[in-house]
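Everything below concerns the one structure shown next.
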Amino acid sequence: MSLIVQKYGGTSVATPELIKRTALRIISMKKKGHDVVVVVSAMGDTTDQLFNLATKITDRPSGRELDMLVSSGERIAMALLSMAINSMGFAAISFTGSQSGIVTDTVHTKARIKDIRSHRVQEELNKGKIVVIAGFQGVSPEHEVTTLGRGGSDTTAVALAYALGAERCEILTDVDGIYTADPRIVPRARKLDVISYDEMLELASSGARVLHTRSVEMAKQCKVLLHVRSSFNQNPGTIVKEEEKQMEELLVRGIAYDDSEAKVTIREVPDRPGVAAKIFGALAQANINVDMIIQNVSDSGTTDMSFTVPESELLQALGSIEKLKNEMEFKDVVADNDIAKVSVVGLGMRSHSGVAAQMFQALAEKGINIEMISTSEIKISCVVRKSEVEDAVKALHKTFELE
Ligand code: ADP
Ligand code: ASP
Ligand code: MG
């Protein structure tokens, strides 16, 4: 019998009624003869509320206690969903991440899965049960509860699909699939039937939150077929899979934006070997994810260095830089929260030039100033003012004829 892993996002289990509806959908999959493992997110905006609650206590909670707190959201959802399935006459059992054998590293609030010891899940499947697993969490080798970062339930689902040898991993969400841009910003965005792992990876890491970046990375590595679709209808959704020849024909597959980063500028840094290593070494030491980096031209032996980090890690980043003051001279550090990044992604860029020029032209025509630029083989990103990013997304969506 083939195994399907299904992941339901927070909107699909936001209320008791929706939990019952979701239970029915799971049961219909079981009735078709599949073994079913379900990964579930916290109900509605529970995770936001839990994070908010923490800020009412302190602005610097420890990672360990944050993980204890926010992992509880998924625990509520898994138990209720399992109860709903049981009450409808089908056998189900719920497990936390730890009980499912999801072993992570020790980095609280953004742990990475290192191993899956799925024998307990497999045993319950063998008994014919539907296994409901709390998303976005695991346990470290030190027996501490960890979480995988916002949106991490997608990654739980892919990891389990791989470990259990599932036929596919279905991500059931509140949109019909992957679109050419966030349909909430661009109502005329088009749903894609398929997208390659690499394109999806770039879109996800550029802010398209429909899939957790790490889930796509893992799906690509482990060759897990992903199927993103709505939990509210039976529409066919989007398949994320290995690249095929004709996929290259499209210059730009989609546009993404991310308004959750902040820009840090260190002014008048000495322009000599080893300085960048020191700065970014300190940030890496603190587990801070640095995204874009630019260094200005040197002027009288000093230079300005700018980079972006997640807004949620800004205070920590500034702290790490301040500590360097003893061993390195610089004038000061300035932080800018009002930025956002807009990115265009497509395999076709590998073999075509001119995409960057077209992107800059479209932004210029809207009077949008570009503050930073970075490129990869299949992506171009620009940092702009946060207030202008939605206009930027719309303009680019139009320019690249994605409607
Ligand atoms: P879930 O709770 O099911 O995990 P998320 O809120 O994490 O759902 O992700 C779904 C949301 O992602 C959609 O509601 C949509 O607004 C947003 N999104 C951003 N970019 C895209 C895109 N390119 N295609 C589809 N949805 C997108
Ligand atoms: N509940 C978590 C979040 O909101 C994980 C997830 O939904 O994937 O980030
Ligand atoms: Mg999500």
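Residue numbering restarts at 1 in every chain; chains get A, B, ... in the order shown in the structure tokens, and ligands count up from 1 in that same order.
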
Environment of ligand 1 within 10 Å, counting only C-alpha atoms and all ligand atoms, reported as number ranges by chain: A: 7-14, 40-45, 150-154, 171-186, 189-192, 200, 203-204, 206-212, 228-231, 238, 253-258

Alpha helix (DSSP H) residues, from DSSP on the backbone, in region 103-245 of chain A, as JSON, numbers by chain: {"A": [119, 120, 121, 122, 123, 124, 125, 126, 153, 154, 155, 156, 157, 158, 159, 160, 161, 162, 163, 197, 198, 199, 200, 201, 202, 203, 204, 205, 213, 214, 215, 216, 217, 218, 219, 220, 221, 222]}

Save the residues we just selected, N, CA and C atoms, as a tab-separated table (two decimals), in the first residue's frame?
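Below is the file that was written, part_1.tsv:
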```tsv
chain	number	residue	atom	x	y	z
A	119	HIS	N	10.77	4.70	13.60
A	119	HIS	CA	10.20	3.37	13.85
A	119	HIS	C	8.86	3.42	14.57
A	120	ARG	N	8.71	4.39	15.46
A	120	ARG	CA	7.44	4.45	16.21
A	120	ARG	C	6.27	4.81	15.29
A	121	VAL	N	6.53	5.73	14.39
A	121	VAL	CA	5.51	6.11	13.41
A	121	VAL	C	5.18	4.89	12.54
A	122	GLN	N	6.24	4.21	12.10
A	122	GLN	CA	6.05	3.04	11.23
A	122	GLN	C	5.24	1.95	11.93
A	123	GLU	N	5.52	1.74	13.21
A	123	GLU	CA	4.77	0.72	13.97
A	123	GLU	C	3.28	1.03	13.98
A	124	GLU	N	2.95	2.30	14.19
A	124	GLU	CA	1.52	2.68	14.24
A	124	GLU	C	0.88	2.56	12.86
A	125	LEU	N	1.66	2.88	11.82
A	125	LEU	CA	1.13	2.71	10.45
A	125	LEU	C	0.85	1.24	10.19
A	126	ASN	N	1.76	0.40	10.67
A	126	ASN	CA	1.59	-1.05	10.46
A	126	ASN	C	0.31	-1.56	11.13
A	153	SER	N	6.75	23.59	9.42
A	153	SER	CA	5.98	22.34	9.31
A	153	SER	C	6.14	21.70	7.93
A	154	ASP	N	6.33	22.53	6.92
A	154	ASP	CA	6.57	21.99	5.57
A	154	ASP	C	7.79	21.06	5.59
A	155	THR	N	8.80	21.49	6.33
A	155	THR	CA	10.05	20.73	6.39
A	155	THR	C	9.85	19.42	7.15
A	156	THR	N	9.06	19.48	8.23
A	156	THR	CA	8.72	18.24	8.95
A	156	THR	C	8.10	17.24	7.98
A	157	ALA	N	7.18	17.72	7.15
A	157	ALA	CA	6.45	16.84	6.23
A	157	ALA	C	7.40	16.21	5.21
A	158	VAL	N	8.28	17.03	4.64
A	158	VAL	CA	9.20	16.49	3.62
A	158	VAL	C	10.16	15.48	4.26
A	159	ALA	N	10.64	15.80	5.44
A	159	ALA	CA	11.58	14.90	6.11
A	159	ALA	C	10.91	13.55	6.39
A	160	LEU	N	9.67	13.59	6.83
A	160	LEU	CA	8.97	12.33	7.11
A	160	LEU	C	8.67	11.56	5.82
A	161	ALA	N	8.31	12.31	4.77
A	161	ALA	CA	8.03	11.66	3.49
A	161	ALA	C	9.26	10.90	3.02
A	162	TYR	N	10.42	11.52	3.20
A	162	TYR	CA	11.66	10.86	2.80
A	162	TYR	C	11.95	9.66	3.69
A	163	ALA	N	11.89	9.88	5.01
A	163	ALA	CA	12.25	8.80	5.94
A	163	ALA	C	11.33	7.59	5.80
A	197	TYR	N	12.56	22.36	-8.60
A	197	TYR	CA	13.07	22.55	-7.24
A	197	TYR	C	13.91	23.82	-7.15
A	198	ASP	N	14.78	24.04	-8.14
A	198	ASP	CA	15.69	25.18	-8.04
A	198	ASP	C	14.96	26.52	-8.07
A	199	GLU	N	13.97	26.62	-8.96
A	199	GLU	CA	13.20	27.87	-9.00
A	199	GLU	C	12.43	28.07	-7.70
A	200	MET	N	11.82	27.00	-7.21
A	200	MET	CA	11.05	27.11	-5.97
A	200	MET	C	11.95	27.47	-4.79
A	201	LEU	N	13.15	26.91	-4.82
A	201	LEU	CA	14.12	27.21	-3.75
A	201	LEU	C	14.44	28.70	-3.73
A	202	GLU	N	14.67	29.27	-4.91
A	202	GLU	CA	14.99	30.70	-4.97
A	202	GLU	C	13.78	31.54	-4.57
A	203	LEU	N	12.59	31.14	-5.02
A	203	LEU	CA	11.39	31.90	-4.64
A	203	LEU	C	11.20	31.84	-3.12
A	204	ALA	N	11.32	30.65	-2.57
A	204	ALA	CA	11.09	30.49	-1.12
A	204	ALA	C	12.13	31.29	-0.33
A	205	SER	N	13.38	31.21	-0.74
A	205	SER	CA	14.40	31.92	0.04
A	205	SER	C	14.33	33.42	-0.21
A	213	THR	N	11.79	27.33	3.02
A	213	THR	CA	12.96	27.13	2.16
A	213	THR	C	13.62	25.77	2.37
A	214	ARG	N	13.80	25.43	3.62
A	214	ARG	CA	14.50	24.18	3.94
A	214	ARG	C	13.74	22.95	3.42
A	215	SER	N	12.40	23.08	3.34
A	215	SER	CA	11.61	21.93	2.86
A	215	SER	C	11.90	21.68	1.38
A	216	VAL	N	12.11	22.75	0.63
A	216	VAL	CA	12.39	22.60	-0.79
A	216	VAL	C	13.80	22.05	-0.99
A	217	GLU	N	14.71	22.58	-0.18
A	217	GLU	CA	16.10	22.11	-0.22
A	217	GLU	C	16.14	20.60	0.03
A	218	MET	N	15.39	20.17	1.04
A	218	MET	CA	15.40	18.76	1.40
A	218	MET	C	14.68	17.92	0.34
A	219	ALA	N	13.60	18.44	-0.20
A	219	ALA	CA	12.86	17.71	-1.23
A	219	ALA	C	13.76	17.48	-2.45
A	220	LYS	N	14.54	18.50	-2.78
A	220	LYS	CA	15.45	18.38	-3.93
A	220	LYS	C	16.53	17.33	-3.65
A	221	GLN	N	17.14	17.47	-2.50
A	221	GLN	CA	18.21	16.54	-2.12
A	221	GLN	C	17.72	15.09	-2.06
A	222	CYS	N	16.56	14.90	-1.47
A	222	CYS	CA	16.07	13.55	-1.19
A	222	CYS	C	15.09	13.07	-2.26
```

Atomic distance CA of Ala79 (chain A) - CA of Asn235 (chain A), expressed in Å with one decimal: 28.1 Å

Cut-off 10 Å: closest region 81-145 of chain A/region 28-35 of chain A atom pairs per residue, using only C-alpha atoms, as CSV:
```
residue,atom,partner,partner_atom,distance
A:Phe90,CA,A:Lys30,CA,9.0
A:Leu125,CA,A:Asp35,CA,6.8
A:Asn126,CA,A:Asp35,CA,8.9
A:Gly128,CA,A:Asp35,CA,7.4
A:Lys129,CA,A:Asp35,CA,8.0
A:Ile130,CA,A:Asp35,CA,7.1
A:Val131,CA,A:Asp35,CA,9.1
```

For those residues, write C-alpha atoms to a file as a CSV table (one decimal), in the first residue's frame.
```csv
chain,number,residue,atom,x,y,z
A,90,PHE,CA,-11.0,5.7,12.1
A,125,LEU,CA,1.1,2.7,10.4
A,126,ASN,CA,1.6,-1.0,10.5
A,128,GLY,CA,-3.4,0.6,10.3
A,129,LYS,CA,-3.5,3.9,12.1
A,130,ILE,CA,-3.4,7.4,10.7
A,131,VAL,CA,-0.5,9.1,12.4
```

DSSP strand (DSSP E) selection over region 164-269 of chain A, as a ChimeraX atom specification: /A:168-173,194-196,226-230,238-241,254-258,261-269

Closest of A:Ser374, A:Thr106, A:Gln137, A:Thr47 to ligand 2 - atom-to-atom distances counting only C-alpha atoms and all ligand atoms: A:Thr47

Counting only C-alpha atoms, the residue of A:Val384, A:Val36, A:Ile116, A:Ala54 that sits nearest Phe360 (chain A): A:Val384

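When CA of Val345 (chain A) is paired with CA of Ala395 (chain A), their separation reads 14.7 Å.
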
Two-atom distance - CA of Ser62 (chain A), CA of Ala262 (chain A) (Å):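 Between CA of Ser62 (chain A) and CA of Ala262 (chain A) the gap is 21.6 Å.
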
Non-local contacts of Leu148 (chain A) (7 Å; only C-alpha atoms; under 4 positions in same chain excluded) as a list of chain:residue names: A:Thr109, A:Lys110, A:Ala111, A:Arg112, A:Phe136, A:Gln137, A:Gly152

Within 8 Å of Ile288 (chain A) using only C-alpha atoms, minus same-chain residues under 4 positions, as a PyMOL selection string: chain A and resi 283-284+309+313+316-317

Output N, CA and C atoms for every residue in that selection, as a JSON list (two decimals), in the first residue's frame.
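Output file selection11.json follows:
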```
[["chain", "number", "residue", "atom", "x", "y", "z"],
["A", 283, "LEU", "N", 29.27, 37.26, 13.15],
["A", 283, "LEU", "CA", 27.84, 37.05, 12.91],
["A", 283, "LEU", "C", 27.53, 35.56, 12.76],
["A", 284, "ALA", "N", 28.43, 34.84, 12.09],
["A", 284, "ALA", "CA", 28.22, 33.40, 11.92],
["A", 284, "ALA", "C", 28.28, 32.70, 13.27],
["A", 309, "VAL", "N", 20.05, 41.32, 7.36],
["A", 309, "VAL", "CA", 19.80, 40.20, 8.27],
["A", 309, "VAL", "C", 18.29, 40.14, 8.54],
["A", 313, "GLU", "N", 16.60, 39.14, 13.96],
["A", 313, "GLU", "CA", 17.95, 38.91, 14.47],
["A", 313, "GLU", "C", 18.77, 40.19, 14.52],
["A", 316, "GLN", "N", 20.49, 41.17, 17.93],
["A", 316, "GLN", "CA", 21.60, 40.26, 18.16],
["A", 316, "GLN", "C", 22.79, 40.61, 17.26],
["A", 317, "ALA", "N", 22.48, 40.95, 16.00],
["A", 317, "ALA", "CA", 23.54, 41.31, 15.04],
["A", 317, "ALA", "C", 24.26, 42.57, 15.52]]
```

Closest of A:Thr399, A:Thr22, A:Ser196, A:Ser312 to Val355 (chain A) - atom-to-atom distances counting only C-alpha atoms: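 Distance minimum relative to Val355 (chain A) lands on A:Thr399.
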
Test item: residues at most 7 Å from region 375-379 of chain A, only C-alpha atoms, excluding those fewer than 2 positions along its chain, as a ChimeraX atom specification: /A:202,343-347,349-350,373,381

Same residues, N, CA and C atoms, output as a short mmCIF file (atom, residue, chain, number, x, y, z; two decimals), in the first residue's frame:
```
data_model
loop_
_atom_site.label_atom_id
_atom_site.label_comp_id
_atom_site.auth_asym_id
_atom_site.auth_seq_id
_atom_site.Cartn_x
_atom_site.Cartn_y
_atom_site.Cartn_z
N GLU A 202 14.67 29.27 -4.91
CA GLU A 202 14.99 30.70 -4.97
C GLU A 202 13.78 31.54 -4.57
N SER A 343 12.59 40.06 -5.76
CA SER A 343 13.42 39.16 -6.57
C SER A 343 12.66 38.61 -7.76
N VAL A 344 13.35 38.46 -8.89
CA VAL A 344 12.77 37.74 -10.03
C VAL A 344 13.57 36.45 -10.21
N VAL A 345 12.84 35.37 -10.50
CA VAL A 345 13.45 34.04 -10.54
C VAL A 345 13.05 33.31 -11.82
N GLY A 346 14.00 32.66 -12.47
CA GLY A 346 13.65 31.83 -13.63
C GLY A 346 14.86 31.10 -14.18
N LEU A 347 14.66 29.84 -14.55
CA LEU A 347 15.76 29.04 -15.10
C LEU A 347 16.29 29.63 -16.40
N MET A 349 17.02 32.48 -17.19
CA MET A 349 18.07 33.51 -17.03
C MET A 349 19.46 32.97 -17.26
N ARG A 350 19.63 31.68 -17.07
CA ARG A 350 20.94 31.07 -17.25
C ARG A 350 21.49 31.31 -18.65
N ILE A 373 21.91 45.32 -4.79
CA ILE A 373 21.58 44.35 -5.85
C ILE A 373 22.36 43.08 -5.57
N SER A 381 17.98 40.01 -7.26
CA SER A 381 17.27 40.64 -6.15
C SER A 381 17.69 42.09 -6.00
#
```

Shortest interatomic distance to ligand 2 - which of A:Val333, A:Ala364, A:Ile76, A:Ala92, counting only C-alpha atoms and all ligand atoms: A:Ile76
